[in-house]
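Asks: Input structure: protein16.cif, which contains mmCIF, C-alpha atoms and all ligand atoms.
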data_upload
loop_
_atom_site.label_atom_id
_atom_site.label_comp_id
_atom_site.auth_asym_id
_atom_site.auth_seq_id
_atom_site.Cartn_x
_atom_site.Cartn_y
_atom_site.Cartn_z
CA MET A 1 0.00 0.00 0.00
CA ASN A 2 1.21 3.52 -0.85
CA LEU A 3 1.85 5.86 2.04
CA ASP A 4 -0.32 8.95 2.01
CA ALA A 5 1.15 11.83 -0.08
CA GLN A 6 1.50 13.91 3.11
CA HIS A 7 3.53 11.24 4.88
CA PRO A 8 7.06 12.61 5.60
CA LEU A 9 8.70 9.85 3.52
CA ALA A 10 6.30 10.20 0.57
CA SER A 11 6.51 14.02 0.55
CA GLY A 12 10.32 13.79 0.64
CA LEU A 13 10.60 15.61 3.98
CA THR A 14 12.51 12.79 5.72
CA ALA A 15 13.42 10.61 2.71
CA ASP A 16 16.94 12.09 2.49
CA ALA A 17 17.60 12.17 6.21
CA ARG A 18 20.89 10.51 7.26
CA LEU A 19 19.02 7.96 9.33
CA ILE A 20 16.80 6.82 6.46
CA ARG A 21 19.68 6.69 3.98
CA ALA A 22 21.73 4.58 6.37
CA TYR A 23 18.77 2.28 7.07
CA GLN A 24 18.49 1.83 3.29
CA GLY A 25 22.12 0.74 3.12
CA THR A 26 23.93 3.83 1.83
CA ARG A 27 26.56 5.66 3.83
CA PRO A 28 25.79 9.29 4.58
CA GLU A 29 28.68 11.77 5.14
CA VAL A 30 28.05 11.66 8.85
CA THR A 31 27.08 8.58 10.84
CA PRO A 32 23.57 9.11 12.19
CA ILE A 33 23.08 8.69 15.93
CA TRP A 34 20.16 8.29 18.33
CA PHE A 35 19.76 6.51 21.65
CA MET A 36 17.35 3.82 22.73
CA ARG A 37 15.48 5.26 25.76
CA GLN A 38 16.66 8.77 24.84
CA ALA A 39 13.36 10.01 26.27
CA GLY A 40 12.91 9.27 29.93
CA ARG A 41 14.46 9.48 33.33
CA SER A 42 17.91 10.75 32.33
CA LEU A 43 16.23 14.07 31.44
CA PRO A 44 15.21 16.50 34.24
CA GLU A 45 12.55 17.99 31.93
CA TYR A 46 11.02 14.49 31.60
CA ARG A 47 11.06 13.89 35.34
CA SER A 48 9.28 17.16 36.05
CA LEU A 49 6.65 16.69 33.32
CA ARG A 50 5.85 13.15 34.53
CA VAL A 51 5.15 14.16 38.18
CA GLY A 52 1.64 12.94 39.07
CA THR A 53 1.02 11.03 35.81
CA ARG A 54 1.32 7.25 35.56
CA MET A 55 3.55 5.89 32.82
CA LEU A 56 0.83 4.40 30.60
CA ASP A 57 -1.43 7.45 31.13
CA ALA A 58 1.45 9.64 29.90
CA CYS A 59 1.75 7.44 26.78
CA LEU A 60 -1.97 7.84 26.07
CA ASP A 61 -1.94 11.65 26.45
CA PRO A 62 -1.01 12.80 22.90
CA GLU A 63 0.25 16.21 24.01
CA MET A 64 2.44 14.79 26.79
CA ALA A 65 3.71 11.83 24.72
CA SER A 66 4.64 14.19 21.91
CA GLU A 67 6.42 16.67 24.20
CA ILE A 68 8.42 13.87 25.86
CA THR A 69 9.38 12.49 22.42
CA LEU A 70 10.66 15.92 21.36
CA GLN A 71 12.66 16.66 24.55
CA PRO A 72 15.78 14.60 23.67
CA VAL A 73 15.70 15.72 20.01
CA ARG A 74 15.84 19.37 21.07
CA ARG A 75 18.43 18.80 23.77
CA HIS A 76 20.84 16.39 22.06
CA ASN A 77 20.32 17.11 18.35
CA VAL A 78 20.00 13.37 17.64
CA ASP A 79 19.18 12.17 14.10
CA ALA A 80 15.80 10.69 15.05
CA GLY A 81 12.99 10.89 17.53
CA ILE A 82 11.47 7.68 18.88
CA LEU A 83 7.88 7.85 19.96
CA PHE A 84 7.47 7.97 23.73
CA SER A 85 5.26 4.95 24.33
CA ASP A 86 5.68 1.41 25.58
CA ILE A 87 5.57 -2.09 24.14
CA VAL A 88 2.61 -2.99 26.41
CA ILE A 89 0.39 -0.13 25.16
CA PRO A 90 -1.42 -2.24 22.51
CA LEU A 91 -2.02 -4.98 25.15
CA LYS A 92 -3.57 -2.39 27.45
CA LEU A 93 -5.70 -0.94 24.64
CA VAL A 94 -7.03 -4.34 23.61
CA GLY A 95 -8.18 -4.95 27.20
CA VAL A 96 -5.30 -6.71 29.03
CA ASP A 97 -4.91 -5.76 32.70
CA VAL A 98 -1.35 -4.38 32.67
CA GLU A 99 0.42 -1.55 34.46
CA ILE A 100 4.00 -0.34 34.56
CA VAL A 101 5.52 -0.37 38.03
CA ALA A 102 8.30 2.20 38.42
CA GLY A 103 11.76 0.68 38.63
CA MET A 104 10.38 -2.72 37.69
CA GLY A 105 8.52 -2.74 34.36
CA PRO A 106 5.23 -4.21 33.08
CA VAL A 107 3.15 -6.18 35.60
CA LEU A 108 0.04 -8.16 34.56
CA GLY A 109 -3.12 -8.59 36.64
CA LYS A 110 -3.03 -12.29 35.77
CA ALA A 111 -0.31 -14.47 34.22
CA VAL A 112 -1.25 -16.46 31.07
CA ARG A 113 0.01 -19.96 31.92
CA THR A 114 -2.35 -22.55 30.44
CA ALA A 115 -4.19 -23.29 27.20
CA LYS A 116 -7.36 -22.05 28.94
CA ASP A 117 -5.64 -18.75 29.84
CA VAL A 118 -4.49 -18.39 26.22
CA ALA A 119 -8.03 -19.06 24.94
CA GLU A 120 -9.39 -16.39 27.30
CA LEU A 121 -6.74 -13.84 26.27
CA THR A 122 -7.12 -14.42 22.55
CA ARG A 123 -10.87 -13.77 22.78
CA LEU A 124 -9.91 -10.10 23.12
CA ASP A 125 -10.44 -8.76 19.60
CA PRO A 126 -7.40 -7.00 18.01
CA ALA A 127 -9.82 -5.10 15.73
CA VAL A 128 -10.71 -2.77 18.65
CA LEU A 129 -7.26 -1.24 18.05
CA ASP A 130 -8.64 0.45 14.92
CA THR A 131 -10.35 2.92 17.26
CA SER A 132 -8.47 2.60 20.55
CA LEU A 133 -5.10 3.52 18.96
CA THR A 134 -6.39 7.04 18.23
CA PRO A 135 -4.29 8.71 20.99
CA ILE A 136 -1.17 7.06 19.53
CA ARG A 137 -1.99 8.31 16.01
CA GLN A 138 -2.55 11.78 17.44
CA ALA A 139 0.74 11.70 19.34
CA VAL A 140 2.59 10.69 16.16
CA ALA A 141 0.87 13.36 14.04
CA ARG A 142 1.67 16.13 16.56
CA THR A 143 5.27 14.97 16.82
CA VAL A 144 6.04 14.72 13.10
CA ALA A 145 4.55 18.19 12.59
CA GLU A 146 7.20 19.52 15.01
CA LEU A 147 10.09 17.32 13.85
CA GLY A 148 10.13 18.52 10.23
CA SER A 149 12.97 16.78 8.40
CA THR A 150 14.04 14.73 11.45
CA PRO A 151 12.50 11.25 11.13
CA LEU A 152 10.33 9.74 13.84
CA ILE A 153 10.85 6.05 14.61
CA GLY A 154 7.77 4.07 15.57
CA PHE A 155 8.25 0.88 17.58
CA ALA A 156 6.59 -2.19 19.00
CA GLY A 157 7.52 -5.20 21.07
CA ALA A 158 8.15 -8.46 19.23
CA PRO A 159 5.69 -11.27 19.99
CA PHE A 160 8.16 -13.25 22.14
CA THR A 161 9.10 -10.32 24.37
CA LEU A 162 5.41 -9.48 24.88
CA ALA A 163 4.56 -13.15 25.45
CA ALA A 164 7.36 -13.33 28.00
CA TYR A 165 5.60 -10.61 30.05
CA LEU A 166 2.16 -12.19 29.50
CA VAL A 167 3.23 -15.69 30.58
CA GLU A 168 5.50 -14.64 33.45
CA GLY A 169 3.00 -12.03 34.65
CA GLY A 170 5.82 -9.50 34.97
CA PRO A 171 9.57 -9.05 34.50
CA SER A 172 11.69 -12.19 34.76
CA LYS A 173 15.35 -13.14 34.39
CA ASP A 174 15.13 -16.35 32.41
CA HIS A 175 11.50 -16.37 31.11
CA ILE A 176 11.28 -19.99 32.19
CA ASN A 177 7.47 -20.24 32.18
CA ALA A 178 7.28 -18.87 28.65
CA ARG A 179 9.98 -21.29 27.49
CA THR A 180 8.20 -24.18 29.21
CA LEU A 181 4.87 -23.33 27.55
CA MET A 182 6.32 -23.31 24.03
CA HIS A 183 7.46 -26.93 24.48
CA ALA A 184 4.73 -28.22 26.79
CA ASP A 185 1.84 -26.96 24.67
CA PRO A 186 3.05 -25.87 21.22
CA GLU A 187 -0.52 -25.36 20.03
CA ALA A 188 -1.42 -22.93 22.83
CA TRP A 189 1.95 -21.25 22.32
CA ALA A 190 1.31 -20.81 18.58
CA ALA A 191 -2.13 -19.31 19.30
CA LEU A 192 -0.62 -16.91 21.85
CA MET A 193 2.13 -15.84 19.44
CA ALA A 194 -0.24 -15.37 16.50
CA TRP A 195 -2.58 -13.16 18.58
CA THR A 196 0.32 -11.15 20.00
CA ALA A 197 1.79 -10.65 16.50
CA GLU A 198 -1.49 -9.21 15.30
CA VAL A 199 -1.89 -6.87 18.28
CA THR A 200 1.68 -5.55 18.13
CA GLY A 201 1.69 -5.45 14.30
CA ARG A 202 -1.36 -3.21 14.29
CA PHE A 203 0.31 -0.90 16.84
CA LEU A 204 3.38 -0.59 14.59
CA ARG A 205 1.36 -0.05 11.41
CA ALA A 206 -0.75 2.69 13.04
CA GLN A 207 2.43 4.62 13.93
CA VAL A 208 3.83 4.38 10.39
CA LEU A 209 0.55 5.38 8.75
CA ALA A 210 0.30 8.36 11.11
CA GLY A 211 3.77 9.61 10.05
CA ALA A 212 6.64 7.55 11.48
CA SER A 213 9.45 7.19 8.91
CA ALA A 214 10.96 3.95 10.26
CA ALA A 215 9.87 1.12 12.54
CA GLN A 216 11.81 -0.78 15.19
CA LEU A 217 10.72 -4.15 16.54
CA PHE A 218 12.15 -4.80 20.03
CA ASP A 219 12.68 -8.47 20.85
CA SER A 220 14.49 -7.50 24.01
CA TRP A 221 14.32 -10.91 25.69
CA ALA A 222 14.89 -13.19 22.65
CA GLY A 223 18.45 -13.70 23.92
CA ALA A 224 16.96 -16.22 26.39
CA LEU A 225 16.24 -18.59 23.48
CA SER A 226 18.32 -21.20 21.70
CA LEU A 227 18.63 -20.73 17.95
CA ASP A 228 16.43 -23.75 17.40
CA ASP A 229 13.64 -22.52 19.69
CA TYR A 230 13.86 -19.06 18.14
CA THR A 231 13.57 -20.44 14.62
CA ARG A 232 10.73 -22.84 15.40
CA TYR A 233 8.63 -21.08 18.03
CA VAL A 234 9.30 -17.36 17.62
CA ALA A 235 10.54 -16.32 14.15
CA PRO A 236 7.21 -17.02 12.35
CA ALA A 237 5.34 -14.68 14.72
CA SER A 238 8.00 -11.96 14.39
CA ALA A 239 7.69 -12.25 10.61
CA ALA A 240 3.90 -11.92 10.96
CA ALA A 241 4.30 -8.78 13.10
CA ILE A 242 6.70 -7.19 10.58
CA ALA A 243 4.35 -8.11 7.73
CA HIS A 244 1.95 -5.48 9.12
CA VAL A 245 4.33 -2.75 7.87
CA ARG A 246 6.21 -4.60 5.12
CA ASP A 247 3.72 -3.64 2.40
CA LEU A 248 3.93 0.11 3.09
CA THR A 249 5.84 1.85 0.28
CA TYR A 250 6.53 5.27 -1.23
CA ALA A 251 8.11 6.58 -4.43
CA GLU A 252 11.59 7.97 -3.97
CA GLY A 253 11.72 11.61 -5.07
CA GLY A 254 8.25 12.45 -3.82
CA THR A 255 4.67 11.70 -4.68
CA PRO A 256 3.39 13.19 -7.95
CA ALA A 257 1.50 16.45 -7.61
CA THR A 258 0.25 16.42 -11.23
CA ASP A 259 -0.53 13.93 -13.99
CA ALA A 260 2.72 14.84 -15.75
CA ASP A 261 4.64 13.89 -12.62
CA GLN A 262 2.80 10.60 -12.58
CA ALA A 263 4.88 9.40 -15.52
CA ILE A 264 8.04 10.23 -13.58
CA GLU A 265 6.75 8.32 -10.60
CA GLU A 266 6.27 5.23 -12.68
CA THR A 267 10.00 5.11 -13.36
CA ALA A 268 10.98 6.11 -9.81
CA THR A 269 12.23 3.60 -7.25
CA ARG A 270 9.65 2.35 -4.81
CA ARG A 271 10.96 2.11 -1.29
CA ASN A 272 9.60 0.35 1.74
CA VAL A 273 9.50 1.87 5.22
CA PRO A 274 12.74 0.69 6.87
CA VAL A 275 12.35 -1.87 9.66
CA VAL A 276 14.96 -2.38 12.39
CA HIS A 277 14.99 -5.54 14.53
CA PHE A 278 16.79 -5.44 17.89
CA GLY A 279 17.31 -7.78 20.81
CA VAL A 280 19.57 -8.11 23.85
CA GLY A 281 22.02 -11.01 24.02
CA THR A 282 20.95 -12.11 20.55
CA GLY A 283 24.43 -12.56 19.03
CA GLU A 284 23.59 -16.14 18.08
CA LEU A 285 20.31 -15.09 16.42
CA LEU A 286 21.38 -12.12 14.29
CA LYS A 287 20.95 -13.79 10.93
CA GLU A 288 17.53 -15.21 11.79
CA MET A 289 16.42 -11.85 13.20
CA HIS A 290 17.27 -10.32 9.85
CA GLY A 291 15.56 -13.17 8.03
CA VAL A 292 12.09 -12.42 9.44
CA GLY A 293 11.80 -9.38 7.16
CA ALA A 294 13.96 -6.70 8.79
CA ASP A 295 16.12 -4.27 6.80
CA VAL A 296 18.47 -3.37 9.65
CA VAL A 297 19.68 -5.35 12.64
CA GLY A 298 20.30 -3.73 16.03
CA VAL A 299 23.24 -5.25 17.90
CA ASP A 300 23.73 -5.12 21.67
CA TYR A 301 27.12 -4.36 23.23
CA ARG A 302 28.22 -8.01 23.56
CA VAL A 303 29.17 -8.65 19.90
CA PRO A 304 31.54 -6.18 18.13
CA LEU A 305 29.99 -4.75 14.95
CA ASP A 306 32.60 -6.23 12.59
CA GLU A 307 31.77 -9.68 13.98
CA ALA A 308 28.02 -8.93 13.80
CA ASN A 309 28.49 -7.85 10.18
CA ARG A 310 30.33 -11.09 9.44
CA ARG A 311 27.52 -13.12 10.98
CA LEU A 312 25.02 -11.17 8.86
CA GLY A 313 26.91 -11.97 5.65
CA GLY A 314 28.20 -8.41 5.08
CA VAL A 315 25.01 -7.17 3.42
CA VAL A 316 22.90 -5.77 6.26
CA PRO A 317 23.02 -2.23 7.73
CA VAL A 318 23.66 -2.43 11.48
CA GLN A 319 22.66 -0.28 14.44
CA GLY A 320 24.49 -0.07 17.77
CA ASN A 321 26.42 -0.75 19.89
CA ILE A 322 28.05 1.54 22.48
CA ASP A 323 28.15 -0.13 25.88
CA PRO A 324 25.75 1.93 28.06
CA ALA A 325 28.05 1.30 31.06
CA LEU A 326 30.71 3.49 29.44
CA LEU A 327 28.44 6.57 29.47
CA ALA A 328 29.44 6.96 33.13
CA ALA A 329 33.17 6.44 32.48
CA PRO A 330 35.57 9.40 32.02
CA TRP A 331 35.17 11.04 28.59
CA PRO A 332 38.52 9.81 27.14
CA VAL A 333 37.52 6.21 27.93
CA LEU A 334 34.13 6.67 26.28
CA GLU A 335 35.73 8.42 23.29
CA VAL A 336 38.12 5.52 22.58
CA HIS A 337 35.21 3.09 22.79
CA VAL A 338 33.02 5.16 20.43
CA LEU A 339 35.84 5.43 17.87
CA ASP A 340 36.26 1.67 18.02
CA VAL A 341 32.52 1.11 17.49
CA LEU A 342 32.59 3.50 14.49
CA GLU A 343 35.63 1.76 13.01
CA ARG A 344 34.07 -1.70 13.29
CA GLY A 345 30.75 -0.33 12.01
CA ARG A 346 32.53 0.68 8.82
CA THR A 347 32.79 -2.95 7.78
CA ALA A 348 28.99 -3.06 7.35
CA PRO A 349 27.14 -1.56 4.35
CA ALA A 350 25.87 1.21 6.65
CA HIS A 351 25.84 2.00 10.35
CA VAL A 352 23.53 3.93 12.67
CA LEU A 353 25.25 4.64 15.96
CA ASN A 354 23.27 3.79 19.08
CA LEU A 355 23.75 2.15 22.45
CA GLY A 356 23.79 -1.61 22.94
CA HIS A 357 20.67 -1.17 25.10
CA GLY A 358 18.76 1.75 26.64
CA VAL A 359 20.14 4.90 28.30
CA PRO A 360 20.61 4.07 32.02
CA PRO A 361 18.32 6.36 34.09
CA LEU A 362 21.23 7.92 36.05
CA THR A 363 23.14 8.97 32.90
CA ASP A 364 24.34 12.58 32.82
CA PRO A 365 22.43 13.97 29.80
CA ASN A 366 25.35 16.28 28.98
CA VAL A 367 27.41 13.21 28.08
CA LEU A 368 24.78 12.24 25.49
CA THR A 369 24.75 15.75 23.99
CA ARG A 370 28.56 15.76 23.82
CA LEU A 371 28.55 12.34 22.18
CA VAL A 372 26.16 13.46 19.44
CA SER A 373 28.21 16.53 18.54
CA PHE A 374 31.44 14.49 18.66
CA VAL A 375 30.05 11.95 16.17
CA HIS A 376 28.53 14.62 13.92
CA GLU A 377 31.89 16.44 13.77
CA ILE A 378 33.88 13.35 12.84
CA GLY A 379 32.09 12.57 9.59
CA ALA A 380 31.72 9.06 8.32
CA SER A 381 34.44 8.99 5.69
CA ALA A 382 37.41 10.48 7.55
CA PRO A 383 39.72 7.93 9.14
CA VAL A 384 38.97 7.72 12.84
CA ALA A 385 41.47 5.23 14.19
CA SER A 386 44.75 6.61 15.53
O1 LIG A 401 13.46 4.77 23.66
C1 LIG A 401 12.66 5.71 23.92
O2 LIG A 401 13.04 6.84 24.28
C2 LIG A 401 11.18 5.46 23.66
C3 LIG A 401 10.44 5.01 24.73
C4 LIG A 401 10.37 3.56 25.14
C5 LIG A 401 9.84 3.21 26.40
N1 LIG A 401 9.71 1.85 26.44
C6 LIG A 401 9.44 4.16 27.43
C7 LIG A 401 9.56 3.73 28.83
C8 LIG A 401 10.63 2.38 24.45
C9 LIG A 401 11.23 2.17 23.07
C10 LIG A 401 10.20 1.30 25.29
C11 LIG A 401 10.21 -0.11 24.88
C12 LIG A 401 10.21 -1.14 25.92
N2 LIG A 401 9.41 -1.21 27.04
C13 LIG A 401 10.96 -2.32 25.86
C14 LIG A 401 11.90 -2.67 24.73
C15 LIG A 401 13.16 -1.88 24.83
C16 LIG A 401 14.13 -2.35 25.89
O3 LIG A 401 14.42 -1.56 26.78
O4 LIG A 401 14.59 -3.49 25.78
C17 LIG A 401 10.66 -3.09 27.00
C18 LIG A 401 11.27 -4.41 27.36
C19 LIG A 401 9.68 -2.37 27.73
C20 LIG A 401 9.01 -2.77 28.99
C21 LIG A 401 9.35 -1.78 30.05
N3 LIG A 401 8.67 -0.59 30.22
C22 LIG A 401 10.44 -1.78 30.95
C23 LIG A 401 11.46 -2.88 31.09
C24 LIG A 401 10.40 -0.57 31.66
C25 LIG A 401 11.40 -0.02 32.64
C26 LIG A 401 11.03 -0.20 34.06
C27 LIG A 401 11.86 0.75 34.91
O5 LIG A 401 11.24 1.57 35.57
O6 LIG A 401 13.08 0.64 34.87
C28 LIG A 401 9.26 0.14 31.19
C29 LIG A 401 8.85 1.48 31.62
C30 LIG A 401 9.30 2.56 30.72
N4 LIG A 401 9.09 2.56 29.37
C31 LIG A 401 9.97 3.77 31.08
C32 LIG A 401 10.11 4.52 29.90
C33 LIG A 401 10.67 5.89 29.75
C34 LIG A 401 10.34 4.19 32.49
C35 LIG A 401 9.10 4.77 33.09
C36 LIG A 401 9.41 5.79 34.15
O7 LIG A 401 9.73 6.94 33.78
O8 LIG A 401 9.28 5.43 35.31
#
Starting from the coordinates I provided, produce the structure as structure tokens.
Ligand code: CP3
Replies:
Amino acid sequence: MNLDAQHPLASGLTADARLIRAYQGTRPEVTPIWFMRQAGRSLPEYRSLRVGTRMLDACLDPEMASEITLQPVRRHNVDAGILFSDIVIPLKLVGVDVEIVAGMGPVLGKAVRTAKDVAELTRLDPAVLDTSLTPIRQAVARTVAELGSTPLIGFAGAPFTLAAYLVEGGPSKDHINARTLMHADPEAWAALMAWTAEVTGRFLRAQVLAGASAAQLFDSWAGALSLDDYTRYVAPASAAAIAHVRDLTYAEGGTPATDADQAIEETATRRNVPVVHFGVGTGELLKEMHGVGADVVGVDYRVPLDEANRRLGGVVPVQGNIDPALLAAPWPVLEVHVLDVLERGRTAPAHVLNLGHGVPPLTDPNVLTRLVSFVHEIGASAPVAS
């Protein structure tokens, strides 16, 4: 399906942005940079705005969600905004009893442990999202109107990471109940994953249609899985989730304003909306995570980017992978690490600089601002290693 002519990619507003070009596999002059969890507790302006509002209520208030999304873009001059929201928002909107407990994460009213629990959950109709996602569409529309040529990234949780919360009932270290269920009752597991893929896929698609220029699927906890379990019990659902945005395309060079331009469009390249797939501890799964329909693979800090690129066959743009722990180290230590990440990232077709996981809440935001200007000043083609 064609994106609307007013969409920032279709109108050309964000189509030439460094981030989008890198996601499409070309190397811009300057390596684009943004941070997972760039919005949030590391920013004093976030902490003061959030006083008295619960996390999920803030996500569902379009004005507040938009303002929080814009805060790190204004402050750090990053190459993208990422919508302030949460992976459990579509679960909440479809009727699941879920809250976010500060310092802990998503907590469910009831864990989904048996085939009967799965049957009860999957009776909730994903089609209600057509209307209940309205505050998310509004938040995206407000945000892209402010961002101009800076792309907004929409995101969603991958089915396994969401299922891990649903089955455990809350955060967990090893996701043992979820991993038991996939083997003990593969049929119930498949039903749970198919439902979750549809719910999260609709959430992602709504953000892109409303104006997001790229989409990131977070399979944060997929690192708990063996390659075989990932391939058999998880990858098909992740592919189904990504399929919700895979068909969305635009013509490079803008959408025709007149009939005469129409002829030009017919010869122009059609592009899809770039999709990034990221997980933590997923070094063994990188190739399969690409294989489910992603354009770009996000790499955590455990695997160096040259090795990640090798595992991906040298043909996939990568995103990552500064170790978040080094944000609190002295600047010269961080600088050496960032130069090393850039150098290794050069082996890949393209590289978007990011952290290996989210910004730790106690991070000094001035370090992030300094990092962005440092990377922008280097340029992507100049030699960086000393
Ligand atoms: O990156 C951004 O700036 C966009 C915002 C964003 C949030 N959650 C806001 C948030 C994104 C991309 C997410 C995704 C998310 N949510 C993931 C995948 C990414 C990852 O970190 O691996 C996961 C696993 C969740 C579930 C979740 N929600 C967790 C683990 C937590 C943290 C709990 C805590 O307090 O440490 C949340 C809450 C949450 N989501 C916060 C933010 C800013 C903190 C809420 C607060 O301010 O108290």
Asks: Which is closer to A:Val101 than all the others in A:Ile82, A:Val372, A:Ala115, A:Met55, using all atoms listed in the file?
Replies: A:Met55
Asks: Taking only C-alpha atoms and all ligand atoms and a cut-off of 6 Å, can you tell me which residues surround ligand LIG 401 (chain A), written as a list in words?
Replies: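 Written in the requested form, the residues are Met36, Arg37, Gln38, Ala39, Gly40, Arg41, Met55, Ile82, Leu83, Phe84, Ser85, Asp86, Ile87, Ile100, Ala102, Gly103, Met104, Gly105, Pro106, Phe218, Ser220 and Gly358 of chain A.
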Asks: Pick the closest to A:Ala194 from A:Ala158, A:Ala222, A:Ile378, A:Leu152: which is it, counting only C-alpha atoms?
Replies: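 Counting only C-alpha atoms, the residue closest to A:Ala194 is A:Ala158.
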Asks: For A:Asp185, please output as an MDAnalysis selection string all residues within 12 Å (counting all atoms listed in the file; exclusion window: fewer than 6 positions along the same chain).
Replies: chainID A and resid 113:116 118 177:179 191:192 233
Asks: So what do you get for atom CA of A:Ala268 versus atom CA of A:Leu9, distance-wise?
Replies: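 Interatomic distance, atom CA of A:Ala268 to atom CA of A:Leu9: 14.0 Å.
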Asks: List as a PyMOL selection string the residues having at least one atom at most 8 Å from position (13.2, 10.9, -6.0) as given in the file, counting all atoms listed in the file.
Replies: chain A and resi 12+251-254+268-269
Asks: Would you mind telling me which residue in A:Pro186, A:Gly279, A:Pro8, A:Gly154 lies nearest to A:Gly201 when using only C-alpha atoms?
Replies: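 Comparing A:Pro186, A:Gly279, A:Pro8, A:Gly154 against A:Gly201, the winner is A:Gly154.
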